[in-house]
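S.K.: This is the content of protein.cif (mmCIF, C-alpha atoms):
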```cif
data_target
loop_
_atom_site.label_atom_id
_atom_site.label_comp_id
_atom_site.auth_asym_id
_atom_site.auth_seq_id
_atom_site.Cartn_x
_atom_site.Cartn_y
_atom_site.Cartn_z
CA MET L 1 85.02 10.46 31.55
CA LYS L 2 88.11 10.59 33.69
CA ILE L 3 88.55 11.55 37.33
CA VAL L 4 90.89 14.53 37.26
CA ARG L 5 90.47 16.00 40.73
CA LYS L 6 89.43 15.13 44.26
CA ALA L 7 85.70 15.42 44.89
CA GLN L 8 82.98 14.19 47.17
CA ALA L 9 79.19 13.97 47.21
CA GLY L 10 76.39 12.91 49.54
CA THR L 11 75.73 13.27 53.24
CA MET L 12 76.10 11.16 56.37
CA GLN L 13 72.34 11.07 57.01
CA SER L 14 70.66 7.70 57.23
CA SER L 15 69.52 6.27 53.87
CA ASP L 16 72.27 8.34 52.24
CA LEU L 17 75.94 7.79 51.52
CA MET L 18 79.16 9.72 51.03
CA VAL L 19 81.26 9.18 47.94
CA PHE L 20 84.93 10.24 47.90
CA LEU L 21 86.81 10.27 44.63
CA GLU L 22 90.39 10.98 43.63
CA PRO L 23 92.55 10.45 40.56
CA ALA L 24 94.68 7.27 40.42
CA PRO L 25 96.28 5.21 37.66
CA GLN L 26 94.07 2.17 38.35
CA LEU L 27 90.42 1.78 39.26
CA ARG L 28 89.79 0.89 42.90
CA VAL L 29 86.42 0.80 44.69
CA GLU L 30 86.33 0.64 48.50
CA ILE L 31 83.01 0.12 50.23
CA ASP L 32 82.14 0.72 53.85
CA SER L 33 78.54 0.38 54.95
CA THR L 34 76.30 0.02 57.97
CA VAL L 35 74.82 -2.95 56.12
CA LYS L 36 78.07 -4.19 54.61
CA LYS L 37 77.63 -7.81 55.62
CA GLN L 38 74.30 -8.24 53.85
CA PHE L 39 74.55 -5.79 50.98
CA GLU L 40 78.16 -5.11 49.97
CA HIS L 41 77.80 -7.15 46.78
CA LEU L 42 74.66 -5.22 45.77
CA ILE L 43 76.25 -1.84 46.49
CA ARG L 44 79.27 -2.87 44.46
CA ARG L 45 77.11 -4.03 41.59
CA GLN L 46 75.30 -0.66 41.54
CA VAL L 47 78.58 1.29 41.71
CA GLU L 48 80.06 -0.74 38.88
CA ALA L 49 76.99 -0.19 36.70
CA VAL L 50 77.37 3.59 37.02
CA LEU L 51 81.14 3.47 36.40
CA ASP L 52 80.52 1.36 33.36
CA ARG L 53 77.82 3.67 32.00
CA LEU L 54 80.08 6.73 32.36
CA SER L 55 83.18 4.84 31.08
CA ILE L 56 85.25 5.40 34.22
CA THR L 57 88.34 3.20 34.11
CA SER L 58 90.65 4.77 36.68
CA GLY L 59 90.57 6.50 40.06
CA VAL L 60 89.94 5.67 43.69
CA ILE L 61 86.29 5.60 44.76
CA ARG L 62 85.48 5.25 48.42
CA ILE L 63 81.87 4.73 49.49
CA SER L 64 80.69 5.29 53.03
CA ASP L 65 77.13 4.04 53.03
CA ARG L 66 74.38 4.58 55.60
CA GLY L 67 71.80 2.21 54.17
CA ALA L 68 71.09 4.01 50.89
CA LEU L 69 68.80 2.49 48.26
CA ASP L 70 69.99 1.91 44.68
CA TYR L 71 68.65 5.19 43.27
CA ALA L 72 70.54 7.20 45.92
CA ILE L 73 73.77 5.26 45.38
CA ALA L 74 73.60 5.92 41.64
CA ALA L 75 72.74 9.61 42.13
CA ARG L 76 75.48 10.34 44.67
CA LEU L 77 78.10 8.55 42.63
CA GLU L 78 77.06 10.42 39.48
CA THR L 79 77.21 13.76 41.31
CA GLY L 80 80.66 12.91 42.67
CA LEU L 81 81.87 11.89 39.22
CA PHE L 82 80.53 15.05 37.57
CA ARG L 83 82.35 17.06 40.21
CA ALA L 84 85.58 15.06 39.86
CA CYS L 85 85.47 15.17 36.06
CA ALA L 86 83.91 18.63 35.79
CA ASP L 87 85.89 19.63 32.67
CA GLN L 88 84.36 16.91 30.58
CA LYS L 89 80.79 17.27 31.75
CA GLU L 90 79.83 19.27 28.67
CA SER L 91 80.88 16.52 26.29
CA LEU L 92 78.48 14.00 27.85
CA MET H 1 36.58 24.60 35.36
CA LYS H 2 38.90 21.66 34.98
CA ASN H 3 40.45 19.78 37.92
CA SER H 4 37.86 21.49 40.07
CA PHE H 5 37.19 18.48 42.23
CA ARG H 6 40.65 17.09 42.49
CA LEU H 7 41.34 17.26 46.21
CA ARG H 8 44.46 19.24 47.00
CA ARG H 9 44.06 19.87 50.70
CA SER H 10 47.61 19.01 51.66
CA LEU H 11 50.71 19.71 49.56
CA LEU H 12 53.72 18.46 51.48
CA TYR H 13 57.21 19.83 50.89
CA VAL H 14 59.91 17.16 50.67
CA PRO H 15 63.54 18.37 50.70
CA GLY H 16 65.16 17.38 47.41
CA ASN H 17 68.52 16.45 48.87
CA MET H 18 67.29 13.99 51.54
CA PRO H 19 66.92 10.36 50.46
CA SER H 20 65.27 9.42 53.75
CA MET H 21 62.38 11.80 53.00
CA LEU H 22 62.19 11.23 49.23
CA GLN H 23 61.78 7.51 49.50
CA ASN H 24 58.87 7.97 51.91
CA ILE H 25 56.85 9.85 49.29
CA PRO H 26 54.73 6.79 48.43
CA ILE H 27 53.64 6.37 52.06
CA PHE H 28 52.88 10.01 52.96
CA GLU H 29 49.13 10.53 53.16
CA SER H 30 49.12 14.03 51.66
CA ASP H 31 47.16 14.73 48.47
CA ALA H 32 50.33 15.93 46.76
CA VAL H 33 54.04 16.39 47.43
CA MET H 34 56.32 19.19 46.31
CA ILE H 35 59.91 18.03 46.04
CA ASP H 36 62.03 21.05 46.83
CA LEU H 37 65.10 22.06 44.83
CA GLU H 38 64.88 25.67 46.04
CA ASP H 39 65.10 26.81 49.66
CA ALA H 40 65.70 23.39 51.22
CA VAL H 41 68.86 22.90 49.16
CA PRO H 42 72.06 24.90 49.83
CA TYR H 43 73.76 26.52 46.82
CA SER H 44 76.65 24.05 46.92
CA GLU H 45 74.28 21.05 46.66
CA LYS H 46 71.99 22.18 43.81
CA ASP H 47 73.66 19.75 41.38
CA ALA H 48 73.45 16.87 43.86
CA ALA H 49 69.76 17.45 44.65
CA ARG H 50 68.84 17.65 40.97
CA THR H 51 70.54 14.34 40.23
CA LEU H 52 69.04 12.68 43.32
CA VAL H 53 65.50 13.80 42.50
CA GLN H 54 65.87 12.69 38.89
CA SER H 55 67.13 9.29 40.02
CA PHE H 56 64.33 8.97 42.57
CA LEU H 57 61.56 9.92 40.12
CA ASN H 58 62.90 7.49 37.54
CA THR H 59 62.58 4.61 39.99
CA CYS H 60 59.40 5.83 41.65
CA GLN H 61 56.72 3.76 39.94
CA ASP H 62 54.29 4.04 42.81
CA ARG H 63 52.72 7.36 41.88
CA ASN H 64 49.77 7.31 44.26
CA LYS H 65 49.67 11.11 44.57
CA GLU H 66 50.53 14.16 42.54
CA ILE H 67 54.23 14.97 42.49
CA PHE H 68 55.31 18.56 41.88
CA VAL H 69 58.89 19.79 41.89
CA ARG H 70 59.72 23.22 43.22
CA ILE H 71 62.41 24.46 40.88
CA ASN H 72 64.63 27.44 41.56
CA SER H 73 63.28 30.87 40.69
CA LEU H 74 63.45 32.12 37.11
CA LYS H 75 65.63 34.90 38.52
CA THR H 76 68.41 32.37 39.27
CA ASP H 77 70.88 30.54 37.02
CA TRP H 78 69.61 27.11 38.06
CA TRP H 79 66.02 26.72 36.88
CA GLN H 80 66.83 25.52 33.37
CA GLN H 81 69.14 22.80 34.66
CA ASP H 82 66.42 21.85 37.16
CA LEU H 83 63.91 21.36 34.36
CA GLN H 84 66.42 19.54 32.18
CA ALA H 85 67.03 17.04 34.97
CA ILE H 86 63.52 16.41 36.25
CA LEU H 87 61.08 16.77 33.34
CA PRO H 88 62.13 13.55 31.55
CA ALA H 89 61.11 11.73 34.76
CA ARG H 90 57.59 13.13 34.31
CA PRO H 91 56.55 14.88 37.47
CA ASP H 92 52.95 16.13 37.40
CA GLY H 93 54.04 19.71 37.48
CA VAL H 94 56.28 22.49 38.63
CA ARG H 95 55.94 24.79 41.60
CA LEU H 96 57.30 28.12 40.45
CA PRO H 97 58.77 30.35 43.18
CA GLU H 98 58.68 34.13 43.01
CA ALA H 99 55.95 34.38 40.38
CA ASP H 100 55.89 38.14 40.78
CA SER H 101 54.14 38.80 37.48
CA PRO H 102 52.33 36.85 34.73
CA GLU H 103 55.43 37.04 32.52
CA TYR H 104 57.29 34.51 34.69
CA VAL H 105 54.47 31.98 34.31
CA GLU H 106 54.16 32.64 30.57
CA HIS H 107 57.90 32.11 30.12
CA LEU H 108 57.81 28.85 32.05
CA ASP H 109 54.74 27.74 30.06
CA THR H 110 56.64 28.24 26.78
CA VAL H 111 59.65 26.31 28.05
CA LEU H 112 57.44 23.45 29.31
CA THR H 113 55.81 23.22 25.89
CA GLU H 114 59.24 22.92 24.27
CA PHE H 115 60.14 20.12 26.66
CA GLU H 116 56.87 18.31 26.00
CA GLU H 117 57.46 18.48 22.25
CA GLU H 118 61.01 17.21 22.65
CA LEU H 119 60.05 14.43 25.08
CA GLY H 120 56.98 13.38 23.11
CA ILE H 121 54.68 14.10 26.04
CA GLU H 122 51.15 15.40 25.57
CA ILE H 123 51.13 19.22 25.48
CA GLY H 124 49.81 20.54 28.75
CA HIS H 125 50.89 17.53 30.82
CA PHE H 126 53.13 19.58 33.10
CA LYS H 127 51.01 21.74 35.41
CA ILE H 128 52.19 24.94 37.05
CA LEU H 129 51.61 26.10 40.63
CA PRO H 130 53.05 29.62 40.98
CA SER H 131 54.06 30.98 44.38
CA ILE H 132 52.66 34.40 45.22
CA GLU H 133 55.17 35.46 47.82
CA THR H 134 56.09 39.13 47.42
CA ALA H 135 54.19 42.41 47.55
CA GLU H 136 54.60 42.65 43.77
CA GLY H 137 53.33 39.10 43.35
CA VAL H 138 50.22 39.86 45.40
CA ILE H 139 49.52 43.03 43.39
CA ASN H 140 49.83 41.13 40.09
CA CYS H 141 48.20 37.85 41.15
CA ILE H 142 44.86 38.60 39.48
CA LYS H 143 46.58 38.61 36.07
CA THR H 144 48.93 35.80 37.05
CA ALA H 145 45.92 33.57 37.80
CA ARG H 146 44.91 33.83 34.12
CA SER H 147 48.38 33.61 32.62
CA SER H 148 48.42 29.94 31.56
CA SER H 149 46.06 27.02 31.00
CA ARG H 150 48.56 24.88 32.93
CA LEU H 151 47.72 26.55 36.24
CA ILE H 152 46.07 24.36 38.88
CA GLY H 153 46.05 27.19 41.38
CA LEU H 154 48.05 29.90 43.06
CA ALA H 155 50.04 29.18 46.21
CA PHE H 156 50.41 31.96 48.72
CA GLY H 157 53.82 32.05 50.46
CA ALA H 158 53.71 34.01 53.70
CA GLU H 159 57.32 33.60 54.78
CA ASP H 160 58.79 35.43 51.79
CA TYR H 161 55.79 37.76 51.64
CA THR H 162 56.31 39.04 55.19
CA ALA H 163 60.03 39.33 54.47
CA SER H 164 59.26 41.45 51.39
CA LEU H 165 57.06 43.69 53.56
CA GLU H 166 59.75 43.82 56.25
CA ILE H 167 57.30 42.66 58.90
CA GLU H 168 57.07 39.72 61.32
CA ARG H 169 54.78 36.82 60.60
CA THR H 170 52.45 36.21 63.54
CA LYS H 171 50.63 33.02 64.52
CA THR H 172 47.24 34.71 64.22
CA GLY H 173 48.00 36.09 60.76
CA GLU H 174 46.28 39.51 60.82
CA GLU H 175 49.11 40.86 58.64
CA LEU H 176 48.27 38.32 55.92
CA PHE H 177 44.56 38.97 55.66
CA ALA H 178 44.52 41.38 52.72
CA ALA H 179 47.03 39.37 50.67
CA ARG H 180 45.27 36.07 51.32
CA THR H 181 41.94 37.57 50.32
CA ARG H 182 43.36 38.94 47.09
CA VAL H 183 44.90 35.56 46.21
CA VAL H 184 41.53 33.88 46.81
CA TRP H 185 39.76 36.43 44.56
CA ALA H 186 42.32 35.86 41.84
CA CYS H 187 41.89 32.09 42.02
CA LYS H 188 38.12 32.01 42.25
CA SER H 189 37.68 34.43 39.36
CA ALA H 190 40.01 32.32 37.21
CA GLY H 191 38.47 29.00 38.30
CA ILE H 192 41.64 27.60 39.88
CA GLN H 193 42.50 26.48 43.40
CA ALA H 194 43.79 28.73 46.16
CA ILE H 195 46.56 27.07 48.20
CA ASP H 196 47.62 28.63 51.47
CA THR H 197 51.09 29.11 52.90
CA ILE H 198 53.03 26.76 55.18
CA PHE H 199 52.72 26.83 58.95
CA SER H 200 56.23 26.46 60.25
CA ASP H 201 55.79 25.57 63.94
CA VAL H 202 55.52 21.81 63.67
CA SER H 203 54.97 21.38 67.42
CA ASP H 204 51.90 23.65 67.62
CA MET H 205 49.02 21.61 66.22
CA GLU H 206 46.33 23.77 67.80
CA ALA H 207 47.61 26.92 66.06
CA LEU H 208 47.83 24.94 62.80
CA ARG H 209 44.20 23.89 63.26
CA ARG H 210 43.12 27.49 63.91
CA GLU H 211 45.01 28.77 60.88
CA THR H 212 43.62 26.03 58.62
CA THR H 213 40.08 26.74 59.81
CA LEU H 214 40.63 30.44 59.05
CA ILE H 215 41.95 29.88 55.54
CA LYS H 216 39.18 27.41 54.75
CA THR H 217 36.72 30.13 55.78
CA LEU H 218 38.48 32.61 53.48
CA GLY H 219 38.15 30.28 50.48
CA PHE H 220 41.42 28.38 50.25
CA SER H 221 41.06 24.73 49.25
CA GLY H 222 44.42 23.50 50.50
CA LYS H 223 47.63 24.27 52.29
CA SER H 224 51.36 23.78 51.79
CA LEU H 225 52.91 21.73 54.60
CA VAL H 226 56.42 21.33 55.95
CA ASN H 227 55.98 18.16 57.97
CA PRO H 228 53.99 14.95 57.45
CA ARG H 229 52.66 15.26 61.00
CA GLN H 230 50.60 18.25 59.83
CA ILE H 231 48.64 16.28 57.20
CA GLU H 232 46.05 14.80 59.54
CA VAL H 233 45.00 18.13 61.09
CA VAL H 234 44.59 19.75 57.67
CA HIS H 235 42.52 16.86 56.35
CA GLU H 236 40.31 16.94 59.43
CA VAL H 237 39.64 20.64 59.01
CA PHE H 238 38.88 20.32 55.28
CA ALA H 239 36.59 17.31 55.67
CA PRO H 240 32.96 18.48 55.68
CA LYS H 241 31.33 18.11 59.10
CA GLN H 242 28.42 15.68 59.41
CA GLU H 243 26.00 18.54 60.15
CA GLU H 244 27.17 20.35 56.99
CA ILE H 245 26.54 17.19 54.95
CA ASP H 246 23.13 16.66 56.54
CA TYR H 247 22.14 20.25 55.84
CA ALA H 248 23.40 20.04 52.24
CA LEU H 249 21.29 16.91 51.70
CA GLN H 250 18.25 18.74 53.08
CA VAL H 251 18.93 21.63 50.72
CA ILE H 252 19.01 19.30 47.71
CA GLU H 253 15.83 17.62 48.83
CA ALA H 254 14.13 21.00 49.36
CA ILE H 255 15.11 22.41 45.98
CA GLN H 256 13.96 19.27 44.18
CA LYS H 257 10.62 19.63 45.95
CA ALA H 258 10.53 23.32 44.97
CA ARG H 259 11.07 22.46 41.32
CA GLU H 260 8.27 19.92 41.41
CA MET H 261 6.11 22.81 42.55
CA GLY H 262 7.41 24.90 39.66
CA THR H 263 9.56 27.35 41.62
CA GLY H 264 13.32 27.88 42.03
CA VAL H 265 13.16 29.11 45.58
CA ILE H 266 11.89 27.54 48.82
CA SER H 267 12.19 28.02 52.53
CA LEU H 268 14.11 25.47 54.62
CA GLY H 269 13.95 25.84 58.39
CA GLY H 270 13.04 29.50 57.94
CA LYS H 271 15.95 30.22 55.55
CA MET H 272 15.66 30.87 51.85
CA VAL H 273 17.07 28.21 49.52
CA ASP H 274 17.83 29.29 45.95
CA ALA H 275 20.50 28.63 43.31
CA PRO H 276 23.62 29.93 45.19
CA VAL H 277 22.65 27.95 48.31
CA VAL H 278 22.20 24.84 46.18
CA LYS H 279 25.58 25.43 44.55
CA ARG H 280 27.27 25.59 47.97
CA ALA H 281 25.42 22.45 49.07
CA VAL H 282 26.57 20.60 45.94
CA LYS H 283 30.15 21.72 46.60
CA ILE H 284 29.96 20.30 50.13
CA LEU H 285 28.49 17.03 48.87
CA LYS H 286 31.15 16.69 46.16
CA THR H 287 33.86 17.29 48.75
CA ALA H 288 32.19 14.78 51.06
CA GLN H 289 32.11 12.34 48.17
CA ALA H 290 35.83 12.87 47.53
CA HIS H 291 36.46 12.16 51.22
CA GLY H 292 34.46 8.95 50.89
CA LEU H 293 31.83 10.20 53.34
CA ILE H 294 28.80 9.82 51.05
CA ASP H 295 27.93 7.98 47.88
CA MET H 296 25.46 9.72 45.60
CA GLN H 297 24.97 10.95 42.06
CA LEU H 298 25.56 14.69 41.62
CA ASP H 299 25.05 16.28 38.25
CA GLU H 300 24.00 19.52 36.60
CA GLU H 301 20.39 18.45 36.86
CA VAL H 302 20.56 18.46 40.65
CA ILE H 303 21.94 21.99 40.64
CA TYR H 304 19.82 23.57 37.94
CA GLY H 305 16.86 21.21 37.45
CA HIS H 306 15.60 19.92 34.05
CA LYS H 307 16.22 22.12 31.05
#
```
Using structure tokens, write down the structure that the file contains.
M.R.:
Amino acid sequence: MKIVRKAQAGTMQSSDLMVFLEPAPQLRVEIDSTVKKQFEHLIRRQVEAVLDRLSITSGVIRISDRGALDYAIAARLETGLFRACADQKESL
Amino acid sequence: MKNSFRLRRSLLYVPGNMPSMLQNIPIFESDAVMIDLEDAVPYSEKDAARTLVQSFLNTCQDRNKEIFVRINSLKTDWWQQDLQAILPARPDGVRLPEADSPEYVEHLDTVLTEFEEELGIEIGHFKILPSIETAEGVINCIKTARSSSRLIGLAFGAEDYTASLEIERTKTGEELFAARTRVVWACKSAGIQAIDTIFSDVSDMEALRRETTLIKTLGFSGKSLVNPRQIEVVHEVFAPKQEEIDYALQVIEAIQKAREMGTGVISLGGKMVDAPVVKRAVKILKTAQAHGLIDMQLDEEVIYGHK
């Protein structure tokens, strides 16, 4: 899958996160979080697992996290990616 | 009558697009939860809620209560995608909105069977709880109650029902009486549970208690809830009172004595005790047992005596 348009997913409620995506030549993941100090590495690991699973190799992905658990991080990122790559969703 | 003594006093709605509520499902003390993909989710977030609920259910190993998912109505374009997303994560069943006629339930039943075959899940695993929430739904509910072996009950929905009648919903509920009664008839005659509507004023616990007492009197065995704070009141109302339990125990004792004397009817405190009274007493004792209030053996022999 390839990010072909700007998209976002999620909310700013606690235990949730917002994901912002846009097309770019290289892959870049930026993480901001209320629990950044303790958990940035775990959030990043979760984000990378999803990107890997959906074969995303380019685009800017900004995460604004409000203490979300792994399942919510994966779900919001997937939703954002489906929205940003909507054309190719059928081929999944 | 299968599932007849599974307690479903409290069925709590959990909005499908709110992680903070979803991840509390294991600690809510309701008998069941209904994760909502319908009214609690705006049109623009249907895709997000579906994915979130799927992801949650896949990681939710702690299934200490029944989990239903309220999908979007079969009149919308979303319900198939809802099922596609959530069924592989094995919820216990589906709450079906706008079940206006038996055909909606039959259609869903067929689709659930197809999913079970495809997923290699035992046929009949996914239960159905249809919402009776329009005038048409109320008129047809007697047939709807017999439309599928997957049904655990019918759930009355007063908010949409009053909207379909173009009337206000009151706190005392006079306008709901006929519809509620019909839903109870439908359920009792089909041997399934009657689940009452939500009570939306979360701050008014006294009115919730009055309404729950009323619907228990009418024959409902549980209620849909919108807030975890409502669970305790509903459980209190549905728990048999000590005097009810004491009386039920006396009834059982009396009827056993009657049978020893070779009769099926006896007087207890000036009132006649016969088979229907015993049946009610057994129902109270089974409910008390499910609440952990008593510990005793209850079988067909107690109700009907030796063959």
S.K.: Evaluate the PyMOL selection byres ((chain L) within 7 of (chain H)) here and jot the selected residues down as a list of chain:residue names.
M.R.: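 With the shown file as input, the PyMOL selection byres ((chain L) within 7 of (chain H)) matches L:Ser14, L:Ser15, L:Asp16, L:Tyr71, L:Ala72, L:Ala75, L:Arg76, L:Thr79.
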S.K.: Just write the chosen residues, C-alpha atoms, as a compact mmCIF listing (two decimals), in the frame of the given file.
M.R.:
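To be explicit, this is the file written out as again.txt:
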```
# COMPACT_ATOMS: atom_id res chain seq x y z
CA SER L 14 70.66 7.70 57.23
CA SER L 15 69.52 6.27 53.87
CA ASP L 16 72.27 8.34 52.24
CA TYR L 71 68.65 5.19 43.27
CA ALA L 72 70.54 7.20 45.92
CA ALA L 75 72.74 9.61 42.13
CA ARG L 76 75.48 10.34 44.67
CA THR L 79 77.21 13.76 41.31
```
S.K.: Choose the residue, out of L:Leu27, L:Ala68, L:Ala74, L:Ile63, that has the smallest atom-to-atom separation from Gln8 (chain L); count all atoms listed in the file.
M.R.: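 Ranking L:Leu27, L:Ala68, L:Ala74, L:Ile63 by distance to Gln8 (chain L), first place goes to L:Ile63.
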S.K.: Can you give me, as a ChimeraX atom specification, the residues this file yields under the PyMOL selection byres ((chain L and resi 56-60) around 12)?
M.R.: /L:1-8,19-31,47-55,61-63,77-78,80-82,84-85
S.K.: For the point (45.0, 37.2, 49.6) in file coordinates, what residues are within 10 Å, counting only C-alpha atoms? Give the answer as JSON, numbers by chain?
M.R.: {"H": [132, 138, 139, 141, 156, 176, 177, 178, 179, 180, 181, 182, 183, 184, 185, 186, 187, 194, 196, 215, 218, 219, 220]}
S.K.: With a distance cut-off of 7 Å and all atoms listed in the file, select the neighbouring residues of region 70-84 of chain H, excluding the residue or stretch itself and same-chain residues fewer than 2 positions from it, and output the selection as a PDB file with C-alpha atoms, keeping the file's coordinate frame.
M.R.:
```pdb
ATOM      1  CA  MET H  34      56.320  19.190  46.310  1.00  0.00           C
ATOM      2  CA  ILE H  35      59.910  18.030  46.040  1.00  0.00           C
ATOM      3  CA  ASP H  36      62.030  21.050  46.830  1.00  0.00           C
ATOM      4  CA  LEU H  37      65.100  22.060  44.830  1.00  0.00           C
ATOM      5  CA  GLU H  38      64.880  25.670  46.040  1.00  0.00           C
ATOM      6  CA  ARG H  50      68.840  17.650  40.970  1.00  0.00           C
ATOM      7  CA  PHE H  68      55.310  18.560  41.880  1.00  0.00           C
ATOM      8  CA  ILE H  86      63.520  16.410  36.250  1.00  0.00           C
ATOM      9  CA  LEU H  87      61.080  16.770  33.340  1.00  0.00           C
ATOM     10  CA  VAL H  94      56.280  22.490  38.630  1.00  0.00           C
ATOM     11  CA  ARG H  95      55.940  24.790  41.600  1.00  0.00           C
ATOM     12  CA  LEU H  96      57.300  28.120  40.450  1.00  0.00           C
ATOM     13  CA  PRO H  97      58.770  30.350  43.180  1.00  0.00           C
ATOM     14  CA  GLU H  98      58.680  34.130  43.010  1.00  0.00           C
TER      15      GLU H  98
END
```
S.K.: So which residues touch Arg229 (chain H) within 10 Å, counting only C-alpha atoms, skipping near sequence neighbours fewer than 2 positions away, as a PyMOL selection string?
M.R.: chain H and resi 28-29+202-203+205+225-227+231-234
S.K.: Smallest atom-to-atom distance to Ser101 (chain H): which of H:Leu129, H:Ala85, H:Leu214, H:Ala145, using only C-alpha atoms?
M.R.: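 The answer is H:Ala145, which sits nearest to Ser101 (chain H).
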S.K.: Build an axis-aligned box that encloses every atom of region 70-84 of chain H listed in the file, pad it by 8 Å on each side, and report its centre and edge lengths in Å to one decimal, as AutoDock Vina command-line options.
M.R.:
```
--center_x 65.3 --center_y 27.2 --center_z 37.7 --size_x 27.2 --size_y 31.4 --size_z 27.0
```
S.K.: Which of these residues is nearest to Lys241 (chain H), using only C-alpha atoms: H:Arg210, H:Lys46, H:His291, H:Arg146?
M.R.: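 Counting only C-alpha atoms, the residue closest to Lys241 (chain H) is H:His291.
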S.K.: Between CA of Glu106 (chain H) and CA of Ala135 (chain H), measure the distance and give it in Å to one decimal.
M.R.: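 Rounded to one decimal, the two atoms are 19.6 Å apart.
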S.K.: Report the distance between CA of Leu11 (chain H) and CA of Ser224 (chain H) in Å, rounded to one decimal place.
M.R.: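 It comes out at 4.7 Å.
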